[in-house]
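Text of the file data16.txt, holding compact mmCIF, C-alpha atoms and all ligand atoms:
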```txt
# COMPACT_ATOMS: atom_id res chain seq x y z
CA MET A 174 0.00 0.00 0.00
CA ASN A 175 1.41 3.37 -1.06
CA ILE A 176 0.51 6.58 0.69
CA LEU A 177 1.06 9.92 -0.99
CA ASP A 178 2.26 12.18 1.80
CA ILE A 179 1.07 15.73 1.06
CA ARG A 180 1.23 16.98 4.65
CA SER A 181 3.63 19.81 3.75
CA SER A 182 1.37 21.13 0.98
CA ALA A 183 -2.20 20.23 2.06
CA PRO A 184 -4.45 23.33 2.29
CA ARG A 185 -4.46 25.23 5.57
CA HIS A 186 -6.16 28.41 6.67
CA ARG A 187 -4.07 31.56 6.11
CA THR A 188 -4.04 32.54 9.75
CA LYS A 189 -5.97 30.09 11.93
CA LEU A 190 -3.86 27.46 13.61
CA PRO A 191 -5.14 23.90 13.91
CA THR A 192 -6.28 22.42 17.20
CA LEU A 193 -3.86 19.78 18.42
CA ARG A 194 -4.74 16.58 20.25
CA ALA A 195 -3.07 13.59 21.83
CA ILE A 196 -2.76 10.58 19.54
CA SER A 197 -3.63 8.40 22.53
CA GLY A 198 -7.01 10.16 22.58
CA ILE A 199 -8.03 8.88 19.14
CA ARG A 200 -10.62 6.21 19.80
CA GLN A 201 -12.26 5.72 16.43
CA ILE A 202 -11.75 5.95 12.70
CA VAL A 203 -14.68 7.58 10.92
CA LEU A 204 -15.37 7.06 7.22
CA HIS A 205 -16.99 9.62 4.93
CA HIS A 206 -17.83 10.06 1.29
CA GLY A 207 -17.25 13.43 -0.34
CA MET A 208 -20.84 14.06 -1.51
CA THR A 209 -19.68 15.23 -4.94
CA ARG A 210 -19.96 13.00 -8.01
CA ARG A 211 -16.92 11.21 -9.35
CA GLY A 212 -15.31 12.84 -12.34
CA LEU A 213 -16.63 16.32 -11.54
CA GLY A 214 -14.14 19.12 -10.90
CA GLY A 215 -13.68 19.44 -7.16
CA THR A 216 -14.14 15.72 -6.48
CA ASN A 217 -10.78 15.03 -4.92
CA TYR A 218 -9.14 15.28 -1.53
CA GLU A 219 -7.22 18.52 -2.03
CA ALA A 220 -10.31 20.27 -3.43
CA TYR A 221 -12.31 19.30 -0.33
CA CYS A 222 -9.52 20.60 1.91
CA ARG A 223 -9.36 23.87 -0.05
CA PHE A 224 -13.10 24.29 0.27
CA HIS A 225 -12.95 23.67 4.00
CA THR A 226 -10.11 26.11 4.63
CA GLN A 227 -11.05 28.86 2.17
CA THR A 228 -14.87 28.77 2.10
CA ASN A 229 -15.70 27.27 5.49
CA ASN A 230 -12.81 29.10 7.12
CA TRP A 231 -11.66 26.02 8.98
CA SER A 232 -8.03 25.83 10.12
CA VAL A 233 -7.43 22.61 8.16
CA GLY A 234 -9.36 20.32 5.82
CA GLY A 235 -11.94 17.99 7.33
CA TYR A 236 -10.11 14.69 6.91
CA THR A 237 -6.71 13.28 7.75
CA TYR A 238 -6.75 11.01 4.69
CA GLY A 239 -8.43 10.88 1.31
CA VAL A 240 -8.77 7.70 -0.77
CA GLU A 241 -9.23 8.73 -4.40
CA PRO A 242 -11.33 6.79 -6.96
CA ASP A 243 -8.12 5.66 -8.71
CA GLY A 244 -6.89 4.16 -5.43
CA VAL A 245 -4.32 6.82 -4.51
CA ILE A 246 -4.26 7.43 -0.75
CA LYS A 247 -3.45 11.01 0.25
CA TRP A 248 -2.25 11.95 3.72
CA GLY A 249 -2.98 15.60 4.49
CA TYR A 250 -2.51 16.18 8.21
CA ASP A 251 -0.61 14.73 11.15
CA TRP A 252 -2.60 12.48 13.44
CA ASN A 253 -2.29 14.96 16.29
CA ILE A 254 -4.04 17.63 14.24
CA GLN A 255 -7.75 17.60 15.00
CA THR A 256 -9.68 17.85 11.73
CA PRO A 257 -13.31 19.02 11.75
CA HIS A 258 -15.59 16.25 10.48
CA VAL A 259 -17.82 15.00 13.29
CA GLY A 260 -18.59 17.96 15.57
CA ASN A 261 -18.27 17.04 19.23
CA SER A 262 -16.44 13.83 18.40
CA ASN A 263 -13.58 15.40 16.40
CA ARG A 264 -11.08 15.11 19.21
CA HIS A 265 -11.45 11.33 19.40
CA SER A 266 -11.98 10.63 15.70
CA LEU A 267 -9.63 10.27 12.76
CA GLY A 268 -11.40 11.06 9.49
CA ILE A 269 -10.99 9.36 6.12
CA VAL A 270 -12.87 10.59 3.06
CA SER A 271 -13.47 8.74 -0.19
CA PRO A 272 -14.28 11.28 -2.91
CA GLY A 273 -17.51 10.51 -4.78
CA ASP A 274 -21.20 10.65 -3.93
CA PHE A 275 -22.15 7.19 -2.78
CA ARG A 276 -25.82 8.05 -2.56
CA PHE A 277 -25.76 7.86 -6.36
CA GLU A 278 -22.70 5.80 -7.29
CA GLU A 279 -20.68 3.01 -5.70
CA PRO A 280 -17.09 3.60 -4.66
CA THR A 281 -14.69 2.11 -7.20
CA THR A 282 -13.47 -1.32 -6.13
CA VAL A 283 -9.87 -0.14 -5.90
CA GLN A 284 -10.98 2.84 -3.80
CA TYR A 285 -12.89 0.55 -1.44
CA GLN A 286 -9.98 -1.89 -1.22
CA ARG A 287 -7.47 0.89 -0.48
CA ALA A 288 -9.75 2.27 2.25
CA LEU A 289 -9.74 -1.19 3.86
CA GLU A 290 -5.97 -1.42 3.60
CA LEU A 291 -5.53 2.07 5.04
CA VAL A 292 -7.73 1.31 8.05
CA ASN A 293 -5.95 -2.01 8.53
CA TRP A 294 -2.61 -0.19 8.50
CA LEU A 295 -3.75 2.57 10.87
CA LEU A 296 -5.46 0.54 13.60
CA PRO A 297 -2.37 -1.14 15.09
CA GLN A 298 -0.57 2.22 15.23
CA LEU A 299 -3.25 4.07 17.17
CA PRO A 300 -2.96 2.68 20.71
CA ASN A 301 -6.52 3.37 21.89
CA CYS A 302 -8.40 3.18 18.63
CA ASP A 303 -10.55 0.09 18.21
CA LYS A 304 -13.65 1.33 16.42
CA VAL A 305 -14.31 1.81 12.73
CA ILE A 306 -17.59 3.55 12.00
CA GLY A 307 -19.34 5.59 9.37
CA HIS A 308 -20.20 9.26 9.83
CA GLN A 309 -23.86 8.29 10.15
CA GLU A 310 -23.00 6.04 13.11
CA VAL A 311 -21.48 8.89 15.16
CA PRO A 312 -23.93 9.96 17.90
CA GLY A 313 -26.03 12.85 16.60
CA TYR A 314 -25.45 12.05 12.91
CA ALA A 315 -27.97 9.29 12.23
CA TRP A 316 -29.66 11.64 9.73
CA LYS A 317 -26.51 11.80 7.58
CA ASN A 318 -26.29 9.40 4.69
CA CYS A 319 -22.51 9.18 4.94
CA PRO A 320 -20.55 7.29 3.72
CA ALA A 321 -23.72 5.72 2.21
CA PHE A 322 -22.20 2.28 1.74
CA SER A 323 -22.77 -0.55 4.20
CA MET A 324 -20.49 -0.18 7.22
CA ASN A 325 -21.39 -3.71 8.35
CA GLN A 326 -20.04 -5.02 5.06
CA PHE A 327 -16.97 -2.81 5.43
CA ARG A 328 -16.25 -4.13 8.92
CA ALA A 329 -16.76 -7.71 7.77
CA ASP A 330 -14.36 -7.09 4.87
CA LEU A 331 -11.91 -5.43 7.26
CA GLN A 332 -11.89 -8.52 9.45
CA ARG A 333 -10.88 -10.62 6.49
CA VAL A 334 -8.14 -8.17 5.51
CA GLN A 335 -6.92 -8.24 9.14
CA GLN A 336 -6.66 -12.01 8.86
CA GLY A 337 -4.39 -11.57 5.87
CA GLU A 338 -6.90 -12.36 3.15
CA THR A 339 -6.69 -10.50 -0.11
CA LEU A 340 -10.15 -9.57 -1.24
CA ASP A 341 -10.94 -10.45 -4.79
CA GLU A 342 -11.89 -7.36 -6.78
CA GLU A 343 -14.91 -9.05 -8.31
CA GLU A 344 -16.16 -10.16 -4.92
CA VAL A 345 -15.83 -6.65 -3.49
CA TYR A 346 -17.88 -5.36 -6.39
CA PHE A 347 -20.61 -7.99 -6.07
CA ASN A 348 -20.97 -7.38 -2.33
CA MET A 349 -21.52 -3.67 -2.77
CA LYS A 350 -24.96 -2.40 -2.01
CA LEU A 351 -26.84 -0.75 -4.83
CA THR A 352 -27.24 3.00 -4.45
CA LYS A 353 -30.58 4.43 -3.32
CA VAL A 354 -31.35 5.46 -6.89
CA GLU A 355 -30.60 1.98 -8.20
CA GLN A 356 -32.60 0.34 -5.40
CA SER A 357 -35.65 2.39 -6.30
CA ALA A 358 -35.27 1.48 -9.98
CA VAL A 359 -35.22 -2.20 -8.95
CA VAL A 360 -38.28 -1.65 -6.74
CA SER A 361 -40.40 -0.52 -9.68
CA MET A 362 -39.17 -3.44 -11.76
CA LEU A 363 -39.88 -5.92 -8.96
CA GLU A 364 -43.32 -4.51 -8.29
CA LEU A 365 -44.18 -5.76 -11.75
CA TRP A 366 -42.18 -9.00 -11.59
CA THR A 367 -43.64 -10.15 -8.26
CA ASP A 368 -47.22 -9.75 -9.48
CA GLU A 369 -48.70 -13.28 -9.35
CA LYS A 370 -51.78 -12.26 -11.29
CA ARG A 371 -49.66 -11.23 -14.17
CA TYR A 372 -47.02 -13.96 -14.05
CA SER A 373 -47.72 -17.61 -13.19
CA ASN A 374 -44.11 -17.91 -12.06
CA ALA A 375 -43.56 -14.51 -10.47
CA LEU A 376 -40.45 -13.67 -8.46
CA GLN A 377 -40.56 -13.97 -4.68
CA LYS A 378 -41.78 -10.94 -2.79
CA SER A 379 -38.78 -11.14 -0.45
CA TRP A 380 -36.65 -9.50 -3.15
CA LEU A 381 -39.06 -6.61 -3.22
CA ASN A 382 -38.98 -6.19 0.55
CA ARG A 383 -35.20 -6.18 0.54
CA ALA A 384 -35.11 -3.66 -2.30
CA LYS A 385 -37.53 -1.42 -0.42
CA ALA A 386 -35.30 -1.65 2.64
CA GLY A 387 -32.34 -0.63 0.47
CA GLU A 388 -30.53 -3.90 1.12
CA LEU A 389 -29.87 -5.27 -2.34
CA THR A 390 -26.31 -5.83 -3.46
CA VAL A 391 -24.92 -5.94 -6.97
CA ARG A 392 -24.98 -9.74 -6.65
CA ASP A 393 -28.71 -9.66 -5.82
CA ALA A 394 -29.39 -7.51 -8.86
CA VAL A 395 -27.62 -10.03 -11.10
CA ARG A 396 -29.56 -12.91 -9.48
CA ILE A 397 -32.89 -11.13 -9.92
CA GLN A 398 -32.13 -10.56 -13.57
CA TYR A 399 -31.15 -14.20 -13.97
CA GLU A 400 -34.28 -15.49 -12.23
CA ALA A 401 -36.52 -13.24 -14.29
CA GLN A 402 -34.94 -14.50 -17.47
CA ARG A 403 -35.14 -18.14 -16.37
CA ARG A 404 -38.83 -17.81 -15.66
CA GLY A 405 -39.51 -15.97 -18.88
CA ILE A 406 -40.54 -12.78 -17.14
CA ARG A 407 -40.12 -9.57 -19.09
ZN ZN A 501 -19.37 12.55 6.41
```

Please, can you express the file's structure as structure tokens?
Amino acid sequence: MNILDIRSSAPRHRTKLPTLRAISGIRQIVLHHGMTRRGLGGTNYEAYCRFHTQTNNWSVGGYTYGVEPDGVIKWGYDWNIQTPHVGNSNRHSLGIVSPGDFRFEEPTTVQYQRALELVNWLLPQLPNCDKVIGHQEVPGYAWKNCPAFSMNQFRADLQRVQQGETLDEEEVYFNMKLTKVEQSAVVSMLELWTDEKRYSNALQKSWLNRAKAGELTVRDAVRIQYEAQRRGIR
């Protein structure tokens, strides 16, 4: 795993000095997405940091690390610099952002894999840090859809990486949850395909319930398509 160390050049506020903290006080790693679509200008780590320091007037950018869609990991600030990303929990939280808007698109597989590797590399070096959570899991942030991919899946994948497994790129992709937009497209399809009056061999309603709950993965979508074809449903 390569880390691009840009700590000497990462954006900082012209005059405001960052708040420092003890590394021993870091208790959790918090994951974020950038909330800007991949490929758009401004969808990268430095651009977020510039926005935070120049527009928001923060002393430093919001995240210690950024994991870009092409897999490059950027390191912007020392661990003892408190970056603003989770309000009252900043002091105890190290922030990692993956540029992209995962409400509407999945992270790239290499981006997801590098994020796992980065967390796996960080954890043993932070003496009191044993939690890996998403922004939306920080107390007070349940309303935030960030990082918008499944943290349970991420933690399960992390466990496997910690045990020395290399995750197969295809597998990572198939385990990814569909975005909200994709889930709702599948819902309208399934509403038709689970209609027993229309089809003698309709698909099971359980797919529909899972789609409505936003729980379908890429693998599920492929299976649904396969089942529909097998049963001659159009
Ligand atoms: Zn966030």

Residues at most 9 Å from Leu299 of chain A, counting all atoms listed in the file, excluding those fewer than 4 positions away in the same chain, as a short mmCIF file (atom, residue, chain, number, x, y, z; two decimals) with C-alpha atoms, in the frame of the given file?
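File written: around_22.cif
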```cif
data_model
loop_
_atom_site.label_atom_id
_atom_site.label_comp_id
_atom_site.auth_asym_id
_atom_site.auth_seq_id
_atom_site.Cartn_x
_atom_site.Cartn_y
_atom_site.Cartn_z
CA ILE A 196 -2.76 10.58 19.54
CA SER A 197 -3.63 8.40 22.53
CA GLY A 198 -7.01 10.16 22.58
CA ILE A 199 -8.03 8.88 19.14
CA ARG A 200 -10.62 6.21 19.80
CA LEU A 295 -3.75 2.57 10.87
CA ASP A 303 -10.55 0.09 18.21
#
```

Counting all atoms listed in the file, what are the residues of segment 264-283 of chain A within 12 Å of segment 343-348 of chain A, and for each of them which pair of atoms is the nearest and at what distance in Å, to one decimal? Sort the table by chain and rising number, as JSON lines.
```
{"residue": "A:Glu279", "atom": "CA", "partner": "A:Tyr346", "partner_atom": "CA", "distance": 8.9}
{"residue": "A:Pro280", "atom": "CA", "partner": "A:Tyr346", "partner_atom": "CA", "distance": 9.2}
{"residue": "A:Thr281", "atom": "CA", "partner": "A:Tyr346", "partner_atom": "CA", "distance": 8.2}
{"residue": "A:Thr282", "atom": "CA", "partner": "A:Tyr346", "partner_atom": "CA", "distance": 6.0}
{"residue": "A:Val283", "atom": "CA", "partner": "A:Val345", "partner_atom": "CA", "distance": 9.1}
```

For this session: Excluding Lys353 of chain A and any residue of its chain fewer than 2 positions from it, enumerate the residues within 7 Å of it, using all atoms listed in the file, and give them as number ranges by chain.
Result: A: 276-277, 351, 355-357, 387

For this session: Report as a list in words which protein, DNA and RNA residues come within 6 Å of ligand ZN 501 (chain A), using all atoms listed in the file.
Result: His205, His206, His308 and Cys319 of chain A

For this session: Would you please work out which residue, of A:Phe224, A:Trp294, A:Tyr250, A:Tyr285, is nearest to Met324 of chain A when using all atoms listed in the file?
Result: A:Tyr285

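With only C-alpha atoms as the atoms that count, the minimum distance from Asn230 of chain A to the choices A:His258, A:Arg404, A:Lys189, A:Arg211 is reached by A:Lys189.
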
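Taking atom CA of Gln227 of chain A as the reference point, atom CA of Ser266 of chain A is found at 22.7 Å.
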